[in-house]
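What follows is one structure encoded as structure tokens, with my remarks underneath.
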Amino acid sequence: MIKAIMFIAIGAVGAYLYMNPGDIDGATEMLKEGVNKGATVVQELTEK
């Protein structure tokens, strides 16, 4: 499952860079937001 999530992240960054060439800062920001949102979801699920 971790491998699948990593491939999704790599694919998303690749697609972002394909549509916006050279925008490395935007790609890293998008990746950070995705990780933070995923961590928030996991935290909420584990609190219950």
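Ordering of the structure tokens sets the chain letters (A, B, ...), residue numbers begin anew at 1 in every chain, and ligands are numbered from 1 in the order given.
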Contacts of Glu29 (chain A) at 12 Å (only C-alpha atoms; same-chain gap of 6+ positions) as an mmCIF file with N, CA and C atoms, in the first residue's frame:
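Saved as part-v6.cif:
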data_model
loop_
_atom_site.group_PDB
_atom_site.id
_atom_site.type_symbol
_atom_site.label_atom_id
_atom_site.label_comp_id
_atom_site.auth_asym_id
_atom_site.auth_seq_id
_atom_site.Cartn_x
_atom_site.Cartn_y
_atom_site.Cartn_z
ATOM 1 N N VAL A 13 2.991 14.650 -9.005
ATOM 2 C CA VAL A 13 4.036 15.660 -9.199
ATOM 3 C C VAL A 13 4.468 15.693 -10.660
ATOM 4 N N TYR A 16 1.792 17.488 -12.608
ATOM 5 C CA TYR A 16 1.828 18.921 -12.312
ATOM 6 C C TYR A 16 2.968 19.593 -13.063
ATOM 7 N N ASP A 23 7.911 24.751 -12.532
ATOM 8 C CA ASP A 23 7.302 25.241 -11.289
ATOM 9 C C ASP A 23 7.558 24.247 -10.151
ATOM 10 N N VAL A 35 0.301 15.726 1.835
ATOM 11 C CA VAL A 35 0.774 14.960 2.991
ATOM 12 C C VAL A 35 0.092 15.443 4.269
ATOM 13 N N ASN A 36 -0.021 16.761 4.419
ATOM 14 C CA ASN A 36 -0.663 17.295 5.617
ATOM 15 C C ASN A 36 -2.136 16.912 5.686
#
Write out as a PDB file with all heavy atoms, in the first residue's frame which residues come within 10 Å of Ala9 (chain A) when counting only C-alpha atoms, dropping same-chain ones fewer than 6 positions away.
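Listing of out-v5.pdb after writing:
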ATOM      1  N   LYS A   3       3.777   1.525  -1.287  1.00  0.00           N
ATOM      2  CA  LYS A   3       4.345   1.655  -2.619  1.00  0.00           C
ATOM      3  C   LYS A   3       3.344   2.332  -3.560  1.00  0.00           C
ATOM      4  O   LYS A   3       3.721   3.185  -4.360  1.00  0.00           O
ATOM      5  CB  LYS A   3       4.726   0.283  -3.163  1.00  0.00           C
ATOM      6  CG  LYS A   3       5.521   0.348  -4.459  1.00  0.00           C
ATOM      7  CD  LYS A   3       5.678  -1.017  -5.113  1.00  0.00           C
ATOM      8  CE  LYS A   3       6.734  -1.844  -4.454  1.00  0.00           C
ATOM      9  NZ  LYS A   3       6.988  -3.109  -5.184  1.00  0.00           N
ATOM     10  N   ALA A  15       2.637  14.911 -13.290  1.00  0.00           N
ATOM     11  CA  ALA A  15       1.577  15.546 -14.072  1.00  0.00           C
ATOM     12  C   ALA A  15       1.575  17.055 -13.855  1.00  0.00           C
ATOM     13  O   ALA A  15       1.384  17.832 -14.797  1.00  0.00           O
ATOM     14  CB  ALA A  15       0.224  14.954 -13.690  1.00  0.00           C
ATOM     15  N   MET A  30       2.293  21.604  -3.383  1.00  0.00           N
ATOM     16  CA  MET A  30       1.177  20.694  -3.594  1.00  0.00           C
ATOM     17  C   MET A  30       1.410  19.380  -2.850  1.00  0.00           C
ATOM     18  O   MET A  30       0.501  18.849  -2.204  1.00  0.00           O
ATOM     19  CB  MET A  30       1.004  20.407  -5.087  1.00  0.00           C
ATOM     20  CG  MET A  30      -0.122  19.454  -5.407  1.00  0.00           C
ATOM     21  SD  MET A  30      -0.133  18.896  -7.109  1.00  0.00           S
ATOM     22  CE  MET A  30       1.359  17.931  -7.185  1.00  0.00           C
ATOM     23  N   LEU A  31       2.639  18.872  -2.897  1.00  0.00           N
ATOM     24  CA  LEU A  31       2.961  17.626  -2.218  1.00  0.00           C
ATOM     25  C   LEU A  31       2.848  17.787  -0.703  1.00  0.00           C
ATOM     26  O   LEU A  31       2.308  16.914  -0.020  1.00  0.00           O
ATOM     27  CB  LEU A  31       4.360  17.175  -2.615  1.00  0.00           C
ATOM     28  CG  LEU A  31       4.771  15.768  -2.251  1.00  0.00           C
ATOM     29  CD1 LEU A  31       3.804  14.761  -2.851  1.00  0.00           C
ATOM     30  CD2 LEU A  31       6.174  15.491  -2.745  1.00  0.00           C
ATOM     31  N   GLY A  34      -0.803  17.833   0.321  1.00  0.00           N
ATOM     32  CA  GLY A  34      -1.369  16.482   0.255  1.00  0.00           C
ATOM     33  C   GLY A  34      -0.969  15.629   1.442  1.00  0.00           C
ATOM     34  O   GLY A  34      -1.790  14.902   2.008  1.00  0.00           O
ATOM     35  N   VAL A  35       0.301  15.726   1.835  1.00  0.00           N
ATOM     36  CA  VAL A  35       0.774  14.960   2.991  1.00  0.00           C
ATOM     37  C   VAL A  35       0.092  15.443   4.269  1.00  0.00           C
ATOM     38  O   VAL A  35      -0.342  14.641   5.094  1.00  0.00           O
ATOM     39  CB  VAL A  35       2.307  15.054   3.111  1.00  0.00           C
ATOM     40  CG1 VAL A  35       2.787  14.506   4.441  1.00  0.00           C
ATOM     41  CG2 VAL A  35       2.970  14.324   1.961  1.00  0.00           C
TER      42      VAL A  35
END
